[in-house]
$ cat query-v9.pdb   # PDB, C-alpha atoms, pLDDT in the B column
ATOM      1  CA  MET A  47       0.000   0.000   0.000  1.00 97.00           C
ATOM      2  CA  LYS A  48       0.974   3.592  -0.479  1.00 98.00           C
ATOM      3  CA  ILE A  49       1.392   5.885   2.529  1.00 98.00           C
ATOM      4  CA  LEU A  50       1.103   9.668   2.159  1.00 98.00           C
ATOM      5  CA  TYR A  51       2.469  12.178   4.649  1.00 98.00           C
ATOM      6  CA  PHE A  52       1.550  15.851   4.926  1.00 98.00           C
ATOM      7  CA  ALA A  53       2.723  19.103   6.554  1.00 98.00           C
ATOM      8  CA  TRP A  54       5.240  18.835   9.412  1.00 97.00           C
ATOM      9  CA  LEU A  55       5.016  15.039   9.424  1.00 97.00           C
ATOM     10  CA  ARG A  56       6.155  15.012   5.779  1.00 98.00           C
ATOM     11  CA  GLU A  57       8.964  17.462   6.602  1.00 97.00           C
ATOM     12  CA  ARG A  58      10.175  15.516   9.622  1.00 96.00           C
ATOM     13  CA  LEU A  59      10.207  12.240   7.682  1.00 96.00           C
ATOM     14  CA  ASN A  60      11.773  13.885   4.654  1.00 96.00           C
ATOM     15  CA  ARG A  61       9.323  12.135   2.307  1.00 97.00           C
ATOM     16  CA  GLY A  62       5.802  12.745   1.082  1.00 98.00           C
ATOM     17  CA  GLU A  63       4.994   9.132   0.320  1.00 98.00           C
ATOM     18  CA  GLU A  64       6.289   5.600   0.432  1.00 97.00           C
ATOM     19  CA  GLU A  65       5.241   2.122  -0.612  1.00 98.00           C
ATOM     20  CA  VAL A  66       5.019  -0.436   2.217  1.00 97.00           C
ATOM     21  CA  SER A  67       3.894  -4.050   2.677  1.00 96.00           C
ATOM     22  CA  PRO A  68       2.874  -4.481   6.307  1.00 97.00           C
ATOM     23  CA  PRO A  69       2.608  -8.039   7.698  1.00 96.00           C
ATOM     24  CA  ALA A  70      -0.809  -9.638   8.302  1.00 95.00           C
ATOM     25  CA  GLU A  71      -0.868  -8.795  12.024  1.00 96.00           C
ATOM     26  CA  VAL A  72      -1.015  -5.080  11.155  1.00 97.00           C
ATOM     27  CA  VAL A  73      -4.790  -4.688  11.175  1.00 98.00           C
ATOM     28  CA  THR A  74      -5.604  -1.089  12.165  1.00 98.00           C
ATOM     29  CA  ILE A  75      -4.200   2.409  11.626  1.00 98.00           C
ATOM     30  CA  SER A  76      -2.839   2.209  15.153  1.00 98.00           C
ATOM     31  CA  ASP A  77      -1.031  -1.079  14.329  1.00 98.00           C
ATOM     32  CA  LEU A  78       0.317   0.494  11.151  1.00 98.00           C
ATOM     33  CA  ILE A  79       1.749   3.492  13.039  1.00 98.00           C
ATOM     34  CA  ASP A  80       3.355   1.103  15.579  1.00 97.00           C
ATOM     35  CA  TRP A  81       4.808  -1.029  12.798  1.00 98.00           C
ATOM     36  CA  LEU A  82       6.197   1.970  10.881  1.00 97.00           C
ATOM     37  CA  ALA A  83       7.655   3.342  14.125  1.00 97.00           C
ATOM     38  CA  SER A  84       9.349   0.020  14.893  1.00 97.00           C
ATOM     39  CA  ARG A  85      11.259   0.199  11.596  1.00 95.00           C
ATOM     40  CA  ASP A  86      12.328   3.817  11.689  1.00 93.00           C
ATOM     41  CA  GLU A  87      13.537   5.941  14.598  1.00 95.00           C
ATOM     42  CA  ALA A  88      12.752   9.262  12.902  1.00 94.00           C
ATOM     43  CA  PHE A  89       9.195   8.055  12.366  1.00 96.00           C
ATOM     44  CA  ALA A  90       8.901   6.915  15.997  1.00 97.00           C
ATOM     45  CA  HIS A  91       9.948  10.400  17.178  1.00 96.00           C
ATOM     46  CA  ALA A  92       7.630  12.196  14.740  1.00 96.00           C
ATOM     47  CA  VAL A  93       4.559  10.224  15.890  1.00 96.00           C
ATOM     48  CA  ALA A  94       5.488  10.060  19.593  1.00 95.00           C
ATOM     49  CA  LYS A  95       2.422  12.130  20.432  1.00 95.00           C
ATOM     50  CA  ARG A  96      -0.250   9.947  18.841  1.00 95.00           C
ATOM     51  CA  SER A  97      -3.044  12.401  19.562  1.00 93.00           C
ATOM     52  CA  LEU A  98      -1.422  14.714  16.976  1.00 95.00           C
ATOM     53  CA  ILE A  99      -1.709  12.180  14.164  1.00 97.00           C
ATOM     54  CA  ARG A 100      -4.805  12.010  11.953  1.00 97.00           C
ATOM     55  CA  ALA A 101      -5.438   9.328   9.352  1.00 98.00           C
ATOM     56  CA  ALA A 102      -7.321   8.665   6.143  1.00 98.00           C
ATOM     57  CA  VAL A 103      -7.882   5.428   4.235  1.00 98.00           C
ATOM     58  CA  ASP A 104      -8.489   5.831   0.501  1.00 98.00           C
ATOM     59  CA  ALA A 105      -9.285   9.544   0.990  1.00 98.00           C
ATOM     60  CA  ARG A 106     -11.774   8.986   3.827  1.00 97.00           C
ATOM     61  CA  LEU A 107     -10.996  10.288   7.305  1.00 97.00           C
ATOM     62  CA  VAL A 108     -10.820   7.399   9.824  1.00 97.00           C
ATOM     63  CA  PRO A 109     -10.092   6.897  13.538  1.00 97.00           C
ATOM     64  CA  HIS A 110      -6.953   5.064  14.698  1.00 98.00           C
ATOM     65  CA  ASP A 111      -8.882   1.844  15.350  1.00 98.00           C
ATOM     66  CA  ALA A 112     -10.092   1.649  11.730  1.00 98.00           C
ATOM     67  CA  ALA A 113      -9.081  -1.413   9.730  1.00 97.00           C
ATOM     68  CA  ILE A 114      -6.665  -1.003   6.841  1.00 97.00           C
ATOM     69  CA  ALA A 115      -7.533  -4.266   5.067  1.00 94.00           C
ATOM     70  CA  GLY A 116      -7.712  -3.675   1.320  1.00 94.00           C
ATOM     71  CA  ALA A 117      -6.526  -0.062   1.582  1.00 97.00           C
ATOM     72  CA  LYS A 118      -4.682   1.267  -1.449  1.00 98.00           C
ATOM     73  CA  VAL A 119      -3.673   4.605   0.065  1.00 98.00           C
ATOM     74  CA  VAL A 120      -3.287   5.458   3.743  1.00 98.00           C
ATOM     75  CA  ALA A 121      -2.552   9.074   4.669  1.00 98.00           C
ATOM     76  CA  LEU A 122      -1.056  10.228   7.974  1.00 98.00           C
ATOM     77  CA  PHE A 123      -0.989  13.918   8.906  1.00 98.00           C
ATOM     78  CA  PRO A 124      -1.144  16.479  11.731  1.00 97.00           C
ATOM     79  CA  PRO A 125      -4.366  18.221  12.845  1.00 96.00           C
ATOM     80  CA  MET A 126      -5.847  20.218   9.977  1.00 97.00           C
ATOM     81  CA  THR A 127      -5.764  24.012   9.837  1.00 95.00           C
ATOM     82  CA  GLY A 128      -8.161  24.872   7.027  1.00 92.00           C
ATOM     83  CA  GLY A 129     -10.236  27.964   6.436  1.00 90.00           C
TER      84      GLY A 129
ATOM     85  CA  MET B  72     -19.833  23.286  -8.839  1.00 60.00           C
ATOM     86  CA  PRO B  73     -20.559  23.452  -5.083  1.00 92.00           C
ATOM     87  CA  VAL B  74     -17.032  22.383  -3.964  1.00 97.00           C
ATOM     88  CA  ARG B  75     -13.865  23.742  -5.549  1.00 98.00           C
ATOM     89  CA  VAL B  76     -10.346  23.050  -4.262  1.00 98.00           C
ATOM     90  CA  THR B  77      -7.848  24.916  -6.373  1.00 98.00           C
ATOM     91  CA  THR B  78      -4.443  26.578  -6.610  1.00 98.00           C
ATOM     92  CA  ALA B  79      -5.917  29.252  -8.902  1.00 97.00           C
ATOM     93  CA  PRO B  80      -6.919  32.672  -7.496  1.00 97.00           C
ATOM     94  CA  PHE B  81     -10.644  33.425  -7.449  1.00 97.00           C
ATOM     95  CA  ASP B  82     -12.641  36.652  -7.616  1.00 98.00           C
ATOM     96  CA  PRO B  83     -14.873  36.811  -4.509  1.00 98.00           C
ATOM     97  CA  GLY B  84     -17.322  39.273  -6.078  1.00 98.00           C
ATOM     98  CA  ALA B  85     -17.714  37.347  -9.314  1.00 97.00           C
ATOM     99  CA  GLU B  86     -18.224  34.106  -7.354  1.00 97.00           C
ATOM    100  CA  THR B  87     -20.901  35.734  -5.206  1.00 96.00           C
ATOM    101  CA  ASN B  88     -22.670  37.118  -8.285  1.00 95.00           C
ATOM    102  CA  ALA B  89     -22.638  33.732 -10.013  1.00 94.00           C
ATOM    103  CA  PHE B  90     -23.983  32.071  -6.868  1.00 95.00           C
ATOM    104  CA  LEU B  91     -26.749  34.696  -6.570  1.00 93.00           C
ATOM    105  CA  ALA B  92     -27.644  34.400 -10.250  1.00 91.00           C
ATOM    106  CA  ALA B  93     -28.275  30.687  -9.767  1.00 88.00           C
ATOM    107  CA  GLY B  94     -30.232  31.415  -6.578  1.00 84.00           C
ATOM    108  CA  GLN B  95     -33.835  31.216  -7.816  1.00 76.00           C
ATOM    109  CA  GLY B  96     -34.961  34.084  -5.592  1.00 79.00           C
ATOM    110  CA  ALA B  97     -34.508  32.180  -2.332  1.00 89.00           C
ATOM    111  CA  GLY B  98     -34.599  35.293  -0.123  1.00 92.00           C
ATOM    112  CA  ALA B  99     -31.320  35.306   1.833  1.00 96.00           C
ATOM    113  CA  ALA B 100     -27.739  34.785   0.690  1.00 96.00           C
ATOM    114  CA  VAL B 101     -24.615  34.941   2.867  1.00 97.00           C
ATOM    115  CA  THR B 102     -21.026  35.058   1.598  1.00 98.00           C
ATOM    116  CA  PHE B 103     -18.022  34.727   3.885  1.00 98.00           C
ATOM    117  CA  THR B 104     -14.541  35.290   2.446  1.00 98.00           C
ATOM    118  CA  GLY B 105     -11.410  34.412   4.419  1.00 97.00           C
ATOM    119  CA  VAL B 106      -8.307  36.361   3.337  1.00 97.00           C
ATOM    120  CA  VAL B 107      -4.614  36.108   4.247  1.00 97.00           C
ATOM    121  CA  ARG B 108      -4.058  38.186   7.384  1.00 95.00           C
ATOM    122  CA  SER B 109      -1.044  40.411   7.990  1.00 94.00           C
ATOM    123  CA  THR B 110      -0.993  43.030  10.730  1.00 94.00           C
ATOM    124  CA  ALA B 111       1.613  45.488  12.044  1.00 94.00           C
ATOM    125  CA  GLU B 112       2.037  43.370  15.206  1.00 93.00           C
ATOM    126  CA  ASP B 113       2.123  40.084  13.317  1.00 91.00           C
ATOM    127  CA  PRO B 114       3.392  40.734   9.785  1.00 94.00           C
ATOM    128  CA  VAL B 115       3.124  37.901   7.277  1.00 96.00           C
ATOM    129  CA  THR B 116       4.922  37.912   3.927  1.00 97.00           C
ATOM    130  CA  SER B 117       3.175  34.813   2.583  1.00 97.00           C
ATOM    131  CA  LEU B 118       0.908  31.969   3.593  1.00 98.00           C
ATOM    132  CA  THR B 119       1.410  28.558   1.993  1.00 98.00           C
ATOM    133  CA  LEU B 120      -1.379  26.019   2.268  1.00 98.00           C
ATOM    134  CA  GLU B 121      -0.621  22.361   1.795  1.00 98.00           C
ATOM    135  CA  CYS B 122      -3.578  20.203   0.774  1.00 98.00           C
ATOM    136  CA  TYR B 123      -4.647  16.597   0.246  1.00 98.00           C
ATOM    137  CA  PRO B 124      -7.092  17.369  -2.585  1.00 98.00           C
ATOM    138  CA  GLU B 125      -8.908  13.994  -2.816  1.00 98.00           C
ATOM    139  CA  LEU B 126      -9.665  14.006   0.909  1.00 98.00           C
ATOM    140  CA  ALA B 127     -10.458  17.745   0.869  1.00 98.00           C
ATOM    141  CA  ILE B 128     -13.132  17.238  -1.792  1.00 97.00           C
ATOM    142  CA  ASN B 129     -14.663  14.293   0.116  1.00 97.00           C
ATOM    143  CA  GLN B 130     -14.633  16.190   3.410  1.00 97.00           C
ATOM    144  CA  LEU B 131     -16.003  19.447   1.964  1.00 97.00           C
ATOM    145  CA  GLU B 132     -18.782  17.592   0.117  1.00 97.00           C
ATOM    146  CA  ALA B 133     -19.769  15.816   3.339  1.00 97.00           C
ATOM    147  CA  ILE B 134     -19.715  19.056   5.373  1.00 96.00           C
ATOM    148  CA  LEU B 135     -21.729  20.838   2.691  1.00 97.00           C
ATOM    149  CA  ALA B 136     -24.348  18.060   2.587  1.00 97.00           C
ATOM    150  CA  GLU B 137     -24.653  18.221   6.370  1.00 97.00           C
ATOM    151  CA  ALA B 138     -25.088  22.013   6.344  1.00 97.00           C
ATOM    152  CA  ILE B 139     -27.731  21.846   3.622  1.00 97.00           C
ATOM    153  CA  ALA B 140     -29.695  19.186   5.513  1.00 97.00           C
ATOM    154  CA  ARG B 141     -29.310  20.762   8.954  1.00 97.00           C
ATOM    155  CA  PHE B 142     -30.217  24.353   8.056  1.00 97.00           C
ATOM    156  CA  GLU B 143     -32.539  23.479   5.155  1.00 96.00           C
ATOM    157  CA  LEU B 144     -30.446  25.553   2.777  1.00 96.00           C
ATOM    158  CA  VAL B 145     -31.532  25.999  -0.816  1.00 95.00           C
ATOM    159  CA  ALA B 146     -27.875  25.896  -1.909  1.00 95.00           C
ATOM    160  CA  ALA B 147     -24.379  26.124  -0.485  1.00 97.00           C
ATOM    161  CA  SER B 148     -20.913  26.309  -1.958  1.00 97.00           C
ATOM    162  CA  VAL B 149     -17.262  26.243  -0.808  1.00 98.00           C
ATOM    163  CA  ILE B 150     -14.154  27.442  -2.657  1.00 98.00           C
ATOM    164  CA  HIS B 151     -10.810  26.728  -0.964  1.00 98.00           C
ATOM    165  CA  ARG B 152      -7.392  27.634  -2.313  1.00 98.00           C
ATOM    166  CA  TYR B 153      -4.055  26.063  -1.605  1.00 98.00           C
ATOM    167  CA  GLY B 154      -0.470  26.868  -2.602  1.00 98.00           C
ATOM    168  CA  LYS B 155       1.389  30.116  -1.868  1.00 98.00           C
ATOM    169  CA  LEU B 156      -0.756  33.195  -1.141  1.00 98.00           C
ATOM    170  CA  ALA B 157       0.095  36.833  -0.416  1.00 97.00           C
ATOM    171  CA  PRO B 158      -1.496  38.981   2.334  1.00 97.00           C
ATOM    172  CA  GLY B 159      -4.960  40.137   1.305  1.00 97.00           C
ATOM    173  CA  GLU B 160      -5.527  37.271  -1.124  1.00 98.00           C
ATOM    174  CA  PRO B 161      -8.747  35.292  -0.650  1.00 98.00           C
ATOM    175  CA  ILE B 162      -8.164  31.783   0.784  1.00 98.00           C
ATOM    176  CA  VAL B 163     -11.664  30.493   1.252  1.00 98.00           C
ATOM    177  CA  GLN B 164     -15.232  31.481   0.428  1.00 98.00           C
ATOM    178  CA  VAL B 165     -18.439  29.908   1.657  1.00 98.00           C
ATOM    179  CA  MET B 166     -21.824  30.882   0.292  1.00 98.00           C
ATOM    180  CA  THR B 167     -25.243  29.870   1.526  1.00 97.00           C
ATOM    181  CA  LEU B 168     -28.732  30.461   0.244  1.00 96.00           C
ATOM    182  CA  SER B 169     -31.907  30.085   2.253  1.00 96.00           C
ATOM    183  CA  PRO B 170     -35.460  31.430   2.389  1.00 95.00           C
ATOM    184  CA  HIS B 171     -34.525  33.418   5.549  1.00 94.00           C
ATOM    185  CA  ARG B 172     -31.388  35.078   6.868  1.00 96.00           C
ATOM    186  CA  ALA B 173     -30.945  33.155  10.156  1.00 97.00           C
ATOM    187  CA  ALA B 174     -30.382  29.836   8.397  1.00 97.00           C
ATOM    188  CA  ALA B 175     -28.112  31.436   5.788  1.00 97.00           C
ATOM    189  CA  PHE B 176     -25.910  33.018   8.506  1.00 98.00           C
ATOM    190  CA  ARG B 177     -25.842  29.914  10.678  1.00 98.00           C
ATOM    191  CA  GLY B 178     -25.150  27.649   7.721  1.00 98.00           C
ATOM    192  CA  ALA B 179     -22.162  29.775   6.671  1.00 98.00           C
ATOM    193  CA  GLU B 180     -20.815  29.817  10.230  1.00 97.00           C
ATOM    194  CA  PHE B 181     -21.251  26.047  10.552  1.00 97.00           C
ATOM    195  CA  LEU B 182     -19.386  25.500   7.280  1.00 97.00           C
ATOM    196  CA  MET B 183     -16.467  27.703   8.385  1.00 97.00           C
ATOM    197  CA  ASP B 184     -16.257  26.115  11.840  1.00 95.00           C
ATOM    198  CA  TYR B 185     -16.176  22.636  10.340  1.00 95.00           C
ATOM    199  CA  LEU B 186     -13.685  23.294   7.604  1.00 93.00           C
ATOM    200  CA  LYS B 187     -11.213  24.897  10.042  1.00 93.00           C
ATOM    201  CA  THR B 188     -10.754  21.540  11.784  1.00 92.00           C
ATOM    202  CA  ASP B 189     -12.031  18.928   9.319  1.00 95.00           C
ATOM    203  CA  ALA B 190     -10.706  19.938   5.893  1.00 97.00           C
ATOM    204  CA  PRO B 191      -7.190  18.658   5.102  1.00 98.00           C
ATOM    205  CA  PHE B 192      -5.303  21.915   4.632  1.00 98.00           C
ATOM    206  CA  TRP B 193      -2.206  22.850   6.587  1.00 98.00           C
ATOM    207  CA  LYS B 194      -1.071  26.477   6.821  1.00 97.00           C
ATOM    208  CA  GLN B 195       2.532  27.558   6.831  1.00 97.00           C
ATOM    209  CA  GLU B 196       3.180  31.221   7.612  1.00 96.00           C
ATOM    210  CA  SER B 197       6.279  33.125   6.469  1.00 97.00           C
ATOM    211  CA  GLY B 198       7.301  36.404   8.083  1.00 95.00           C
ATOM    212  CA  PRO B 199      10.366  38.360   9.193  1.00 93.00           C
ATOM    213  CA  GLU B 200      11.048  35.737  11.905  1.00 91.00           C
ATOM    214  CA  GLY B 201      11.027  32.790   9.504  1.00 96.00           C
ATOM    215  CA  THR B 202       8.529  30.127   8.497  1.00 96.00           C
ATOM    216  CA  ILE B 203       6.270  28.225  10.887  1.00 96.00           C
ATOM    217  CA  TRP B 204       3.453  25.690  10.664  1.00 96.00           C
ATOM    218  CA  VAL B 205       0.327  27.335  12.034  1.00 94.00           C
ATOM    219  CA  ALA B 206      -0.810  25.425  15.138  1.00 91.00           C
ATOM    220  CA  PRO B 207      -4.458  24.429  15.452  1.00 89.00           C
ATOM    221  CA  ARG B 208      -6.312  26.844  17.726  1.00 88.00           C
ATOM    222  CA  GLU B 209      -8.376  25.658  20.672  1.00 88.00           C
ATOM    223  CA  GLU B 210     -11.015  28.260  19.795  1.00 90.00           C
ATOM    224  CA  ASP B 211     -11.452  26.471  16.476  1.00 90.00           C
ATOM    225  CA  ASP B 212     -12.076  23.150  18.243  1.00 89.00           C
ATOM    226  CA  SER B 213     -14.613  24.699  20.607  1.00 91.00           C
ATOM    227  CA  ALA B 214     -16.281  26.588  17.747  1.00 91.00           C
ATOM    228  CA  ARG B 215     -16.779  23.273  15.959  1.00 91.00           C
ATOM    229  CA  ALA B 216     -17.880  21.467  19.137  1.00 91.00           C
ATOM    230  CA  ARG B 217     -20.800  23.828  19.751  1.00 91.00           C
ATOM    231  CA  TRP B 218     -22.614  22.402  16.706  1.00 90.00           C
ATOM    232  CA  SER B 219     -22.633  18.806  17.943  1.00 84.00           C
TER     233      SER B 219
END
$ encode --input "query-v9.pdb" --output "C-alpha cells"
Amino acid sequence: MKILYFAWLRERLNRGEEEVSPPAEVVTISDLIDWLASRDEAFAHAVAKRSLIRAAVDARLVPHDAAIAGAKVVALFPPMTGG
Amino acid sequence: MPVRVTTAPFDPGAETNAFLAAGQGAGAAVTFTGVVRSTAEDPVTSLTLECYPELAINQLEAILAEAIARFELVAASVIHRYGKLAPGEPIVQVMTLSPHRAAAFRGAEFLMDYLKTDAPFWKQESGPEGTIWVAPREEDDSARARWS
C-alpha cells in the first residue's frame, strides 16, 4: 500500500509518500503506526504524540482503530488548519 | 460546482454574483470570504497552504451536505485555495442560500467552523522571523464542538 504524509510530518520524515507491505498482524491504523515506528527511529519520534496524528484510508478520514484491510492509500498527517 | 479546491486565485465578487444568479430568488444569501491576514504586530509575507485534494473534496462535500440538511439551505458552496498566497488574497469562500437570513448566517458559520478543523489543509506562515506551521487553535475546536 501507499502511505502519504503531509505538513510537518512530511517534513520531519523527509518524504511525502512511500510504498510499504505491512505483515498480516497489522490490522488497524494504530497497528500500522506502531509497525512503521518500529522500523524507523525518525518516524517513531515524529509520531510520539499519537493524539497529533490524523489518518485517512483511501481519501476517507478514519479513527486510529479503523481497519486497513484492502486499503490502497493510507494518509497520515497532523491536525488540519483549514479555512 | 458546489465544492472547488484549487491553486488558482478566485474573484470573490464574481463568485458571489454567479452564486446569486443561480439562486432562484430564495430570499437570503450569505457570503463569507477568508483572506490572508497580515498586521503590524504580526506581519506575514506569505501563507502557503498544503492540501490533500482527494480528501479535501470528500470532506467538503460531506460538510456541505450536512449544512444543507441541517439548516434546510436551498444551496451552499465552498471554494478553498491552496499553494502560496500573499497577504490580502482570498483563501476560502463559503456561500449559503436560504429562504430566511438566520439559516443562511448559521449555515455559513457552521461550514467555516467545520472546515477549520475537518478539511485537510495545513497552513505555513512566512514572516520576518522565519517560516512556521500554524498550530491548530483551541477556539477552532470549541467553535466546531458547539454544533454537535
$ resolve_selection --input "query-v9.pdb" --expression "the PyMOL selection byres ((chain A) within 6 of (chain B))" --output "number ranges by chain"
A: 105, 126-129
$ resolve_selection --input "query-v9.pdb" --expression "the PyMOL selection byres ((chain A and resi 84-90) around 12)" --output "mmCIF file with C-alpha atoms, keeping the file's coordinate frame"
data_model
loop_
_atom_site.group_PDB
_atom_site.id
_atom_site.type_symbol
_atom_site.label_atom_id
_atom_site.label_comp_id
_atom_site.auth_asym_id
_atom_site.auth_seq_id
_atom_site.Cartn_x
_atom_site.Cartn_y
_atom_site.Cartn_z
ATOM 1 C CA TYR A 51 2.469 12.178 4.649
ATOM 2 C CA TRP A 54 5.240 18.835 9.412
ATOM 3 C CA LEU A 55 5.016 15.039 9.424
ATOM 4 C CA ARG A 56 6.155 15.012 5.779
ATOM 5 C CA GLU A 57 8.964 17.462 6.602
ATOM 6 C CA ARG A 58 10.175 15.516 9.622
ATOM 7 C CA LEU A 59 10.207 12.240 7.682
ATOM 8 C CA ASN A 60 11.773 13.885 4.654
ATOM 9 C CA ARG A 61 9.323 12.135 2.307
ATOM 10 C CA VAL A 66 5.019 -0.436 2.217
ATOM 11 C CA PRO A 68 2.874 -4.481 6.307
ATOM 12 C CA ASP A 77 -1.031 -1.079 14.329
ATOM 13 C CA LEU A 78 0.317 0.494 11.151
ATOM 14 C CA ILE A 79 1.749 3.492 13.039
ATOM 15 C CA ASP A 80 3.355 1.103 15.579
ATOM 16 C CA TRP A 81 4.808 -1.029 12.798
ATOM 17 C CA LEU A 82 6.197 1.970 10.881
ATOM 18 C CA ALA A 83 7.655 3.342 14.125
ATOM 19 C CA HIS A 91 9.948 10.400 17.178
ATOM 20 C CA ALA A 92 7.630 12.196 14.740
ATOM 21 C CA VAL A 93 4.559 10.224 15.890
ATOM 22 C CA ALA A 94 5.488 10.060 19.593
ATOM 23 C CA LYS A 95 2.422 12.130 20.432
ATOM 24 C CA ARG A 96 -0.250 9.947 18.841
ATOM 25 C CA ILE A 99 -1.709 12.180 14.164
ATOM 26 C CA LEU A 122 -1.056 10.228 7.974
#
$ residues_around --input "query-v9.pdb" --residues "range 107-119 of chain A" --least-positions-apart "2" --cutoff "8 Å" --atoms "only C-alpha atoms" --output "JSON, numbers by chain"
{"A": [47, 48, 49, 50, 73, 74, 75, 76, 100, 101, 102, 103, 104, 105, 121], "B": [126, 130]}
$ residues_around --input "query-v9.pdb" --residues "Thr202 in chain B" --least-positions-apart "4" --cutoff "12 Å" --atoms "all atoms listed in the file" --output "compact mmCIF listing (two decimals) with C-alpha atoms, keeping the file's coordinate frame"
# COMPACT_ATOMS: atom_id res chain seq x y z
CA TRP A 54 5.24 18.84 9.41
CA PRO B 114 3.39 40.73 9.78
CA VAL B 115 3.12 37.90 7.28
CA THR B 116 4.92 37.91 3.93
CA SER B 117 3.18 34.81 2.58
CA LEU B 118 0.91 31.97 3.59
CA THR B 119 1.41 28.56 1.99
CA LYS B 194 -1.07 26.48 6.82
CA GLN B 195 2.53 27.56 6.83
CA GLU B 196 3.18 31.22 7.61
CA SER B 197 6.28 33.12 6.47
CA GLY B 198 7.30 36.40 8.08
$ closest_residue --input "query-v9.pdb" --among "B:Arg217, B:Ser109, B:Gly98, B:Asn88" --to "Ala157 in chain B" --atoms "all atoms listed in the file"
B:Ser109
$ decode --input "query-v9.pdb" --residues "range 105-121 of chain A" --atoms "N, CA and C atoms" --output "tab-separated table (two decimals), in the first residue's frame"
chain	number	residue	atom	x	y	z
A	105	ALA	N	-8.70	8.19	1.00
A	105	ALA	CA	-9.28	9.54	0.99
A	105	ALA	C	-10.57	9.67	1.80
A	106	ARG	N	-10.68	8.84	2.85
A	106	ARG	CA	-11.77	8.99	3.83
A	106	ARG	C	-11.13	9.08	5.20
A	107	LEU	N	-11.53	10.09	5.96
A	107	LEU	CA	-11.00	10.29	7.31
A	107	LEU	C	-11.42	9.12	8.20
A	108	VAL	N	-10.49	8.55	8.96
A	108	VAL	CA	-10.82	7.40	9.82
A	108	VAL	C	-10.17	7.56	11.20
A	109	PRO	N	-10.74	6.91	12.22
A	109	PRO	CA	-10.09	6.90	13.54
A	109	PRO	C	-8.94	5.88	13.57
A	110	HIS	N	-8.13	5.94	14.62
A	110	HIS	CA	-6.95	5.06	14.70
A	110	HIS	C	-7.30	3.58	14.81
A	111	ASP	N	-8.54	3.27	15.24
A	111	ASP	CA	-8.88	1.84	15.35
A	111	ASP	C	-9.51	1.30	14.06
A	112	ALA	N	-9.52	2.10	13.01
A	112	ALA	CA	-10.09	1.65	11.73
A	112	ALA	C	-9.19	0.60	11.08
A	113	ALA	N	-9.83	-0.36	10.41
A	113	ALA	CA	-9.08	-1.41	9.73
A	113	ALA	C	-8.47	-0.87	8.44
A	114	ILE	N	-7.32	-1.44	8.08
A	114	ILE	CA	-6.67	-1.00	6.84
A	114	ILE	C	-6.71	-2.08	5.76
A	115	ALA	N	-7.45	-3.17	6.03
A	115	ALA	CA	-7.53	-4.27	5.07
A	115	ALA	C	-8.02	-3.74	3.72
A	116	GLY	N	-7.31	-4.06	2.66
A	116	GLY	CA	-7.71	-3.67	1.32
A	116	GLY	C	-7.41	-2.24	0.95
A	117	ALA	N	-6.81	-1.47	1.87
A	117	ALA	CA	-6.53	-0.06	1.58
A	117	ALA	C	-5.47	0.07	0.50
A	118	LYS	N	-5.70	0.97	-0.43
A	118	LYS	CA	-4.68	1.27	-1.45
A	118	LYS	C	-3.79	2.40	-0.98
A	119	VAL	N	-4.42	3.43	-0.38
A	119	VAL	CA	-3.67	4.61	0.07
A	119	VAL	C	-4.06	4.95	1.51
A	120	VAL	N	-3.07	5.00	2.37
A	120	VAL	CA	-3.29	5.46	3.74
A	120	VAL	C	-2.55	6.79	3.88
A	121	ALA	N	-3.21	7.79	4.46
A	121	ALA	CA	-2.55	9.07	4.67
A	121	ALA	C	-2.44	9.34	6.17
